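**Student:** Sending over data_37.txt (compact mmCIF, C-alpha atoms).
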# COMPACT_ATOMS: atom_id res chain seq x y z
CA MET A 1 24.39 -10.90 11.79
CA LEU A 2 22.31 -8.66 14.05
CA ILE A 3 19.68 -6.92 11.92
CA GLY A 4 17.94 -3.92 13.48
CA ILE A 5 14.49 -2.99 12.13
CA ASP A 6 12.58 0.25 12.70
CA ALA A 7 9.21 -1.37 13.52
CA SER A 8 7.51 1.83 14.67
CA ARG A 9 5.11 2.01 11.71
CA SER A 10 3.88 -1.55 12.24
CA VAL A 11 2.08 -0.58 15.48
CA ALA A 12 -0.19 2.09 13.94
CA GLN A 13 -3.77 1.57 15.15
CA GLU A 14 -5.44 2.18 11.77
CA ARG A 15 -2.92 0.66 9.36
CA THR A 16 -2.90 1.63 5.70
CA GLY A 17 -0.45 0.67 2.92
CA THR A 18 3.01 1.39 4.35
CA GLU A 19 2.06 0.27 7.87
CA ASN A 20 0.67 -3.02 6.55
CA TYR A 21 3.82 -3.48 4.47
CA SER A 22 5.95 -2.96 7.58
CA LEU A 23 3.93 -5.37 9.75
CA ASN A 24 3.64 -8.18 7.17
CA LEU A 25 7.25 -7.98 6.05
CA ILE A 26 8.58 -8.06 9.64
CA ARG A 27 6.35 -11.03 10.50
CA HIS A 28 7.53 -13.02 7.50
CA LEU A 29 11.21 -12.08 7.88
CA LEU A 30 11.10 -13.57 11.38
CA THR A 31 9.66 -16.87 10.11
CA LEU A 32 12.40 -17.42 7.53
CA GLY A 33 14.94 -19.96 8.67
CA SER A 34 18.17 -17.97 8.99
CA ASP A 35 21.16 -17.63 11.29
CA HIS A 36 20.52 -13.95 11.87
CA HIS A 37 19.19 -12.26 14.97
CA TYR A 38 16.73 -9.41 14.85
CA ARG A 39 16.32 -6.40 17.11
CA LEU A 40 13.05 -4.53 16.59
CA TYR A 41 12.70 -0.91 17.68
CA PHE A 42 9.23 0.28 18.72
CA ASN A 43 7.95 3.65 19.89
CA ARG A 44 5.15 1.85 21.76
CA PRO A 45 4.50 -1.77 22.72
CA PRO A 46 3.32 -3.96 19.81
CA THR A 47 -0.17 -5.45 20.02
CA TYR A 48 0.76 -8.44 17.87
CA ASN A 49 2.79 -11.56 18.62
CA LEU A 50 6.25 -12.14 17.19
CA GLN A 51 8.64 -15.08 17.07
CA PRO A 52 10.57 -14.60 20.33
CA THR A 53 13.47 -16.95 19.50
CA THR A 54 15.38 -14.88 16.96
CA CYS A 55 14.12 -11.51 18.01
CA ASN A 56 14.83 -8.92 20.68
CA LEU A 57 12.28 -6.12 21.21
CA ARG A 58 13.40 -2.62 22.19
CA ILE A 59 10.42 -0.53 23.26
CA ILE A 60 11.70 3.04 23.53
CA PRO A 61 8.88 5.58 23.82
CA PHE A 62 9.65 9.23 23.18
CA PRO A 63 7.21 12.14 22.80
CA ARG A 64 8.61 13.97 19.73
CA LEU A 65 11.08 13.35 16.88
CA TRP A 66 11.35 9.68 17.88
CA THR A 67 13.39 8.67 14.82
CA HIS A 68 16.03 11.38 14.78
CA LEU A 69 16.44 11.77 18.54
CA ARG A 70 15.50 8.57 20.36
CA LEU A 71 16.32 6.00 17.66
CA SER A 72 19.53 7.89 16.79
CA TRP A 73 20.59 7.73 20.46
CA GLU A 74 19.91 3.98 20.42
CA MET A 75 22.00 3.60 17.25
CA ALA A 76 24.88 5.54 18.82
CA ARG A 77 24.86 3.40 21.96
CA ARG A 78 24.05 -0.08 20.63
CA PRO A 79 24.23 -0.20 16.83
CA PRO A 80 23.16 -3.39 15.05
CA ASP A 81 25.25 -4.74 12.15
CA LEU A 82 22.66 -3.36 9.77
CA LEU A 83 19.55 -1.17 10.16
CA PHE A 84 16.51 -1.78 7.94
CA VAL A 85 13.82 0.93 7.74
CA PRO A 86 10.76 -0.51 5.93
CA ALA A 87 8.35 2.41 6.10
CA HIS A 88 9.93 5.63 7.28
CA VAL A 89 13.12 7.67 7.29
CA LEU A 90 16.65 6.68 8.28
CA PRO A 91 17.67 8.18 11.66
CA VAL A 92 20.44 10.80 11.50
CA VAL A 93 22.73 8.47 13.47
CA HIS A 94 22.75 5.02 11.87
CA PRO A 95 25.15 2.09 11.37
CA HIS A 96 27.53 1.86 8.37
CA ARG A 97 25.11 -0.58 6.74
CA SER A 98 21.54 0.57 6.21
CA VAL A 99 18.69 -0.34 3.88
CA VAL A 100 15.51 1.72 3.40
CA THR A 101 12.34 0.94 1.44
CA VAL A 102 11.11 3.83 -0.72
CA HIS A 103 7.40 3.42 -1.40
CA ASP A 104 6.58 6.19 -3.87
CA LEU A 105 7.42 9.64 -5.20
CA GLY A 106 3.86 10.71 -5.95
CA TYR A 107 4.41 14.14 -4.34
CA LEU A 108 6.72 15.04 -7.27
CA TYR A 109 4.08 14.20 -9.88
CA TYR A 110 1.00 15.61 -8.15
CA PRO A 111 2.25 18.31 -5.76
CA GLU A 112 -1.25 19.83 -5.60
CA ALA A 113 -2.51 16.59 -4.02
CA HIS A 114 -0.36 17.18 -0.91
CA ARG A 115 -0.23 19.91 1.71
CA LEU A 116 2.85 22.12 1.30
CA LEU A 117 4.57 21.01 4.52
CA ASP A 118 3.92 17.32 3.78
CA ARG A 119 5.34 17.77 0.29
CA VAL A 120 8.50 19.47 1.56
CA TYR A 121 8.95 16.81 4.26
CA LEU A 122 8.42 13.92 1.81
CA ASP A 123 10.88 15.41 -0.66
CA LEU A 124 13.58 16.09 1.95
CA SER A 125 13.20 12.73 3.74
CA THR A 126 13.20 10.70 0.49
CA ARG A 127 16.17 12.66 -0.87
CA TYR A 128 17.99 12.05 2.44
CA ASN A 129 17.10 8.31 2.45
CA ALA A 130 18.27 7.97 -1.15
CA ARG A 131 21.64 9.56 -0.41
CA ALA A 132 22.36 8.29 3.14
CA ALA A 133 21.26 4.63 2.94
CA THR A 134 23.71 1.99 1.75
CA HIS A 135 20.98 0.47 -0.44
CA LEU A 136 17.35 1.14 -1.35
CA ILE A 137 14.44 -1.23 -1.87
CA ALA A 138 11.73 0.03 -4.25
CA ASP A 139 8.16 -1.31 -4.22
CA SER A 140 8.01 -1.37 -8.02
CA SER A 141 10.01 -0.78 -11.18
CA ALA A 142 8.08 2.50 -11.53
CA THR A 143 9.43 3.70 -8.17
CA LYS A 144 12.96 2.59 -9.08
CA ARG A 145 12.70 4.52 -12.35
CA ASP A 146 11.51 7.62 -10.46
CA LEU A 147 14.44 7.43 -8.03
CA ILE A 148 16.91 7.21 -10.91
CA GLU A 149 15.29 9.97 -13.00
CA ARG A 150 14.27 12.41 -10.26
CA TYR A 151 17.07 12.00 -7.69
CA GLY A 152 19.91 10.72 -9.85
CA ILE A 153 20.39 7.52 -7.84
CA GLU A 154 22.55 4.84 -9.42
CA SER A 155 20.51 1.91 -10.73
CA ASP A 156 22.60 -0.69 -8.89
CA LYS A 157 21.89 0.99 -5.55
CA ILE A 158 18.18 0.07 -5.90
CA THR A 159 16.54 -3.38 -5.83
CA VAL A 160 12.88 -3.88 -6.74
CA VAL A 161 11.05 -6.14 -4.28
CA TYR A 162 7.28 -6.40 -4.74
CA PRO A 163 5.12 -6.44 -1.59
CA GLY A 164 2.75 -9.37 -1.09
CA TYR A 165 -0.82 -9.76 0.09
CA ASP A 166 -2.16 -11.91 2.91
CA SER A 167 -3.67 -14.96 1.19
CA THR A 168 -4.98 -16.29 4.53
CA VAL A 169 -7.16 -13.16 4.86
CA PHE A 170 -7.93 -12.11 1.28
CA GLN A 171 -9.87 -14.87 -0.46
CA PRO A 172 -13.40 -15.05 -1.87
CA VAL A 173 -16.20 -14.95 0.71
CA ARG A 174 -18.95 -17.26 -0.61
CA ASP A 175 -21.18 -16.93 2.45
CA GLU A 176 -24.02 -14.60 1.39
CA GLU A 177 -25.00 -13.99 5.01
CA ALA A 178 -21.49 -12.74 5.85
CA ILE A 179 -21.61 -10.37 2.86
CA GLU A 180 -25.09 -9.10 3.79
CA ALA A 181 -23.97 -8.56 7.40
CA VAL A 182 -21.03 -6.39 6.26
CA LYS A 183 -23.29 -4.46 3.86
CA ALA A 184 -25.76 -3.81 6.68
CA ARG A 185 -22.93 -2.64 8.96
CA TYR A 186 -21.93 0.04 6.43
CA ASP A 187 -25.45 0.96 5.21
CA ILE A 188 -24.99 -0.50 1.71
CA ALA A 189 -28.13 -1.54 -0.15
CA GLY A 190 -28.06 -3.68 -3.29
CA ASP A 191 -25.23 -3.80 -5.84
CA TYR A 192 -22.16 -1.60 -5.46
CA ILE A 193 -18.85 -0.51 -6.95
CA LEU A 194 -16.09 -0.38 -4.33
CA PHE A 195 -13.06 1.81 -3.78
CA VAL A 196 -10.66 1.22 -0.85
CA GLY A 197 -8.00 3.73 0.17
CA THR A 198 -7.28 6.87 2.17
CA LEU A 199 -9.46 9.85 1.19
CA GLN A 200 -6.99 12.29 -0.40
CA PRO A 201 -6.64 14.00 -3.80
CA ARG A 202 -4.09 11.50 -5.19
CA LYS A 203 -6.77 8.79 -5.14
CA ASN A 204 -8.70 10.68 -7.86
CA LEU A 205 -12.10 10.25 -6.17
CA ILE A 206 -13.56 13.47 -7.69
CA ARG A 207 -13.22 11.96 -11.19
CA LEU A 208 -14.37 8.54 -9.97
CA MET A 209 -17.64 10.09 -8.72
CA GLU A 210 -18.07 12.00 -11.98
CA ALA A 211 -17.52 8.80 -14.00
CA PHE A 212 -19.93 6.94 -11.70
CA SER A 213 -22.62 9.62 -12.15
CA ASN A 214 -22.43 9.08 -15.94
CA ILE A 215 -23.22 5.33 -15.82
CA GLN A 216 -26.33 4.76 -17.95
CA PRO A 217 -29.41 2.57 -17.28
CA PRO A 218 -30.11 -0.30 -16.91
CA ILE A 219 -26.93 -0.73 -14.83
CA SER A 220 -27.12 2.67 -13.13
CA ASN A 221 -29.12 1.28 -10.18
CA ILE A 222 -25.94 0.77 -8.17
CA GLN A 223 -24.11 2.46 -5.32
CA LEU A 224 -20.51 3.69 -5.11
CA VAL A 225 -18.92 2.67 -1.81
CA ILE A 226 -15.82 4.62 -0.79
CA ALA A 227 -14.05 2.83 2.06
CA GLY A 228 -11.18 4.49 3.91
CA LYS A 229 -10.28 7.03 6.53
CA LYS A 230 -9.98 10.75 5.84
CA GLY A 231 -6.52 11.80 4.75
CA TRP A 232 -5.86 15.40 3.79
CA LEU A 233 -7.61 17.90 1.50
CA TYR A 234 -10.68 15.66 1.54
CA ARG A 235 -13.46 18.27 1.83
CA GLU A 236 -13.85 18.61 -1.93
CA ILE A 237 -14.46 14.86 -2.14
CA PHE A 238 -17.55 15.18 0.09
CA GLN A 239 -18.68 18.36 -1.70
CA GLN A 240 -18.61 16.47 -5.02
CA VAL A 241 -21.49 14.24 -3.84
CA GLU A 242 -23.74 17.28 -3.43
CA LYS A 243 -22.47 18.93 -6.60
CA LEU A 244 -23.38 15.86 -8.70
CA GLY A 245 -26.62 15.15 -6.82
CA LEU A 246 -25.40 11.72 -5.70
CA GLU A 247 -26.84 11.78 -2.15
CA GLY A 248 -27.90 8.23 -1.29
CA LYS A 249 -25.87 6.83 -4.20
CA VAL A 250 -22.41 7.29 -2.62
CA VAL A 251 -21.61 5.64 0.72
CA PHE A 252 -18.60 6.69 2.80
CA THR A 253 -17.81 3.91 5.26
CA GLY A 254 -14.84 5.49 7.05
CA TYR A 255 -11.92 3.23 7.98
CA VAL A 256 -12.75 -0.46 7.44
CA PRO A 257 -10.85 -2.95 9.65
CA GLU A 258 -9.08 -5.79 7.83
CA GLY A 259 -11.57 -8.36 9.17
CA ASP A 260 -14.42 -6.72 7.18
CA LEU A 261 -12.54 -6.17 3.93
CA PRO A 262 -12.75 -9.67 2.34
CA ALA A 263 -16.56 -9.74 2.59
CA LEU A 264 -16.82 -6.11 1.43
CA LEU A 265 -14.55 -6.84 -1.57
CA SER A 266 -16.27 -10.16 -2.38
CA GLY A 267 -19.69 -8.51 -2.39
CA ALA A 268 -18.74 -5.75 -4.85
CA ARG A 269 -19.71 -5.94 -8.53
CA LEU A 270 -16.40 -4.34 -9.37
CA PHE A 271 -13.42 -2.67 -7.71
CA ALA A 272 -12.46 0.78 -9.04
CA PHE A 273 -9.01 2.19 -8.32
CA PRO A 274 -8.36 5.19 -10.60
CA SER A 275 -5.46 6.54 -8.50
CA LEU A 276 -3.27 9.23 -10.07
CA TYR A 277 -0.11 7.63 -8.67
CA GLU A 278 0.73 4.55 -6.60
CA GLY A 279 4.05 3.16 -5.38
CA PHE A 280 2.45 -0.28 -5.49
CA GLY A 281 -1.36 -0.43 -5.10
CA LEU A 282 -2.01 -3.29 -2.69
CA PRO A 283 -5.85 -2.90 -2.76
CA VAL A 284 -5.82 -4.04 -6.42
CA LEU A 285 -4.24 -7.38 -5.41
CA GLU A 286 -6.60 -7.78 -2.45
CA ALA A 287 -9.64 -7.22 -4.70
CA MET A 288 -8.40 -9.77 -7.25
CA ALA A 289 -7.69 -12.29 -4.46
CA CYS A 290 -11.33 -11.95 -3.37
CA GLY A 291 -12.61 -12.65 -6.87
CA THR A 292 -13.65 -9.08 -7.73
CA PRO A 293 -13.02 -7.67 -11.24
CA VAL A 294 -10.87 -4.52 -11.29
CA VAL A 295 -10.75 -1.23 -13.18
CA CYS A 296 -7.58 0.71 -12.38
CA SER A 297 -5.23 3.38 -13.69
CA ASN A 298 -2.69 2.72 -16.40
CA VAL A 299 -0.01 4.86 -14.69
CA SER A 300 2.90 4.47 -12.23
CA SER A 301 3.15 0.97 -10.71
CA LEU A 302 -0.44 -0.15 -11.34
CA PRO A 303 0.20 -1.91 -14.70
CA GLU A 304 2.90 -3.98 -12.92
CA VAL A 305 0.45 -4.99 -10.19
CA ALA A 306 -2.60 -5.59 -12.38
CA GLY A 307 -0.90 -7.23 -15.37
CA ASP A 308 -3.55 -8.31 -17.90
CA ALA A 309 -6.08 -9.05 -15.13
CA ALA A 310 -7.77 -5.62 -15.00
CA LEU A 311 -9.19 -3.01 -17.35
CA LEU A 312 -6.59 -0.23 -17.36
CA VAL A 313 -7.70 3.36 -18.00
CA ASP A 314 -6.15 6.82 -18.13
CA PRO A 315 -7.03 8.25 -14.68
CA LEU A 316 -7.65 11.70 -16.21
CA ASP A 317 -10.18 10.32 -18.73
CA VAL A 318 -13.58 10.42 -17.01
CA GLU A 319 -15.43 9.10 -20.06
CA GLY A 320 -12.98 6.19 -20.42
CA LEU A 321 -13.46 5.32 -16.75
CA THR A 322 -17.26 5.33 -17.15
CA MET A 323 -17.03 3.08 -20.20
CA ALA A 324 -14.70 0.62 -18.45
CA MET A 325 -17.05 0.35 -15.45
CA GLU A 326 -20.10 -0.07 -17.72
CA HIS A 327 -18.25 -2.72 -19.72
CA ILE A 328 -17.62 -4.87 -16.62
CA LEU A 329 -21.06 -4.27 -15.09
CA GLY A 330 -22.84 -5.20 -18.33
CA ASP A 331 -20.78 -8.14 -19.56
CA GLU A 332 -20.85 -11.33 -17.47
CA SER A 333 -18.31 -13.19 -19.64
CA LEU A 334 -15.80 -10.32 -19.27
CA ARG A 335 -16.39 -10.33 -15.52
CA ALA A 336 -15.71 -14.08 -15.33
CA GLU A 337 -12.57 -13.73 -17.48
CA LEU A 338 -11.15 -10.90 -15.34
CA ILE A 339 -11.88 -12.81 -12.14
CA GLU A 340 -9.97 -15.86 -13.44
CA ARG A 341 -7.06 -13.73 -14.63
CA GLY A 342 -7.04 -11.99 -11.25
CA PHE A 343 -6.60 -15.31 -9.42
CA GLU A 344 -3.66 -16.08 -11.75
CA GLN A 345 -2.09 -12.66 -11.26
CA VAL A 346 -2.10 -12.68 -7.43
CA ARG A 347 -0.13 -15.94 -7.39
CA LYS A 348 2.92 -13.87 -8.38
CA PHE A 349 2.85 -11.96 -5.10
CA SER A 350 3.34 -13.18 -1.53
CA TRP A 351 4.77 -11.85 1.71
CA GLU A 352 7.01 -14.90 1.98
CA ARG A 353 8.60 -14.08 -1.38
CA CYS A 354 8.87 -10.41 -0.40
CA ALA A 355 10.59 -11.37 2.89
CA ARG A 356 12.98 -13.79 1.17
CA GLU A 357 14.01 -11.24 -1.47
CA THR A 358 14.36 -8.52 1.18
CA LEU A 359 16.59 -10.78 3.29
CA ASN A 360 18.73 -11.45 0.19
CA VAL A 361 19.27 -7.68 -0.12
CA LEU A 362 20.16 -7.29 3.59
CA GLU A 363 22.61 -10.22 3.42
CA SER A 364 24.27 -8.99 0.23
CA ILE A 365 24.84 -5.51 1.74
CA CYS A 366 26.48 -7.01 4.83
CA HIS A 367 28.53 -9.36 2.67
CA GLU A 368 29.69 -6.59 0.30
CA LEU A 369 30.73 -4.24 3.10
CA HIS A 370 32.42 -7.08 4.95
CA GLU A 371 34.43 -7.89 1.81
CA PHE A 372 35.24 -4.20 1.33
CA HIS A 373 36.58 -3.83 4.87
Would you encode the structure as structure tokens?
**Tutor:**
Amino acid sequence: MLIGIDASRSVAQERTGTENYSLNLIRHLLTLGSDHHYRLYFNRPPTYNLQPTTCNLRIIPFPRLWTHLRLSWEMARRPPDLLFVPAHVLPVVHPHRSVVTVHDLGYLYYPEAHRLLDRVYLDLSTRYNARAATHLIADSSATKRDLIERYGIESDKITVVYPGYDSTVFQPVRDEEAIEAVKARYDIAGDYILFVGTLQPRKNLIRLMEAFSNIQPPISNIQLVIAGKKGWLYREIFQQVEKLGLEGKVVFTGYVPEGDLPALLSGARLFAFPSLYEGFGLPVLEAMACGTPVVCSNVSSLPEVAGDAALLVDPLDVEGLTMAMEHILGDESLRAELIERGFEQVRKFSWERCARETLNVLESICHELHEFH
């Protein structure tokens, strides 16, 4: 079988969730022993190495509408047996067999957290993916449920495959000097609570800062470090610092490259992730893998990711979020217990497992359609 993969999102320079998913899944698919051949479609040359034996790279740059014009043209001329789109939208022209990963439907739950045009585009492209693809992969049971309830997709058209995390990168950093070096690089002094993610309303950072400002002595001598690049509608997030008088207490690091994240996570007293909605919530796994206790939301996919290894709170409950953070900061035995449970929880997730289960889906779609024809 010749499997085509839209790899365009895997070459983003500052990768966040869906781009990391695309890159890691492609890498691990190529290492699985199988009889299939892969053809990867890029809009610019990849900067990473791939297994050349089972894989053919098609680098097809195009200035605008790459997916629907350039990739569609490629599909019309040289279609693979099946096209897999891990992190974007299915091109208008595509083979009979196609599989698309749907990451989340947060724009339906929190429309105010998205710009109008983004919201319309996300709705139309997800609706189109859901209808046009032969089969869908969902990041979580929560996302599968949303697709069924909101778009009326048949349950058996959707398979849940959990993403993984990179266990070679995300593990506890015990070297104090490495942690201090990363803290110095981002102007962090002393103890800190850490958040990692794109700065946008869905991440609930306004309430996180409010909850942080309510932490009482003696554990209030701590900083809040917000790591991530600016997304959209982020101005209010910066204004909140001034409004609450938290100058010097809140550190914005900007985008943090993957190489710095393990030390930054390992050095934190706790990891706070009060997101209003997540399709999966990879930073929660990465924090647990680095031995950092987690407070996160009790909504969407996050209970699936965190299991019993985090303190789960209602993301709209500022007081509850403050209490959960104080609880972890002030109780060493709870910290130790959550760290141990975190190490147990992350064992359930790996990119190899994700790749294997994804390949099972791709093979079953080809097999079913072959039988049908």
**Student:** Select, from A:Asp191, A:Glu19, A:Asp35, A:Asp118, the residue with the minimum atom-to-atom distance to Ala87 of chain A, counting all atoms listed in the file.
**Tutor:**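 Result for the nearest residue to Ala87 of chain A: A:Glu19.
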**Student:** What separation in Å, quoted to one decimal, exists between atom CA of Ala287 of chain A and atom CA of Val361 of chain A?
**Tutor:**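 If I compute the distance from atom CA of Ala287 of chain A to atom CA of Val361 of chain A, I get 29.3 Å.
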**Student:** Taking (-0.5, -17.3, -8.2) in the file's coordinates, which residues come within 12 Å, counting all atoms listed in the file, written as an NGL selection string?
**Tutor:** :A and (164-165 or 167 or 285 or 288-289 or 340-350 or 353)
**Student:** Looking at all atoms listed in the file, which of A:Val318, A:Ala181, A:Leu65, A:Met323 is the one that sits closest to Val92 of chain A?
**Tutor:**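 Ranking A:Val318, A:Ala181, A:Leu65, A:Met323 by distance to Val92 of chain A, first place goes to A:Leu65.
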**Student:** Just the residues within 7 Å of segment 169-179 of chain A, please, counting all atoms listed in the file, with nothing from its chain fewer than 3 positions along; format it as a PyMOL selection string.
**Tutor:** chain A and resi 166+182-183+262-264+266-267+286+289-291
**Student:** Which polymer residues have any atom within 9 Å of an atom of Val256 of chain A, counting all atoms listed in the file, with same-chain residues fewer than 3 positions away left out, as a ChimeraX atom specification?
**Tutor:** /A:14,196,227-229,253,259-261
**Student:** List as a list of chain:residue names the protein and nucleic acid residues near Leu205 of chain A, meaning an atom at most 9 Å away when only C-alpha atoms are counted, but skip any in the same chain fewer than 6 places from it.
**Tutor:**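 With the cut-off at 9 Å, the set is A:Phe195, A:Leu199, A:Ile226, A:Ile237, A:Phe273, A:Pro274, A:Ser275.
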**Student:** Any chance you could export the current selection's C-alpha atoms as a compact mmCIF listing (two decimals), keeping the file's coordinate frame?
**Tutor:**
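The result, stored in result-v8.txt:
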# COMPACT_ATOMS: atom_id res chain seq x y z
CA PHE A 195 -13.06 1.81 -3.78
CA LEU A 199 -9.46 9.85 1.19
CA ILE A 226 -15.82 4.62 -0.79
CA ILE A 237 -14.46 14.86 -2.14
CA PHE A 273 -9.01 2.19 -8.32
CA PRO A 274 -8.36 5.19 -10.60
CA SER A 275 -5.46 6.54 -8.50
**Student:** Pick out the closest residue to Ile153 of chain A from this set: A:Thr168, A:Arg70, A:Ile60, A:Arg127. Count all atoms listed in the file.
**Tutor:**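 The closest residue to Ile153 of chain A is A:Arg127.
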**Student:** Kindly give the distance, in Å, that separates atom CA of Thr198 of chain A and atom CA of Gly281 of chain A, rounded to a single decimal.
**Tutor:**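 We find that atom CA of Thr198 of chain A and atom CA of Gly281 of chain A lie 11.9 Å from each other.
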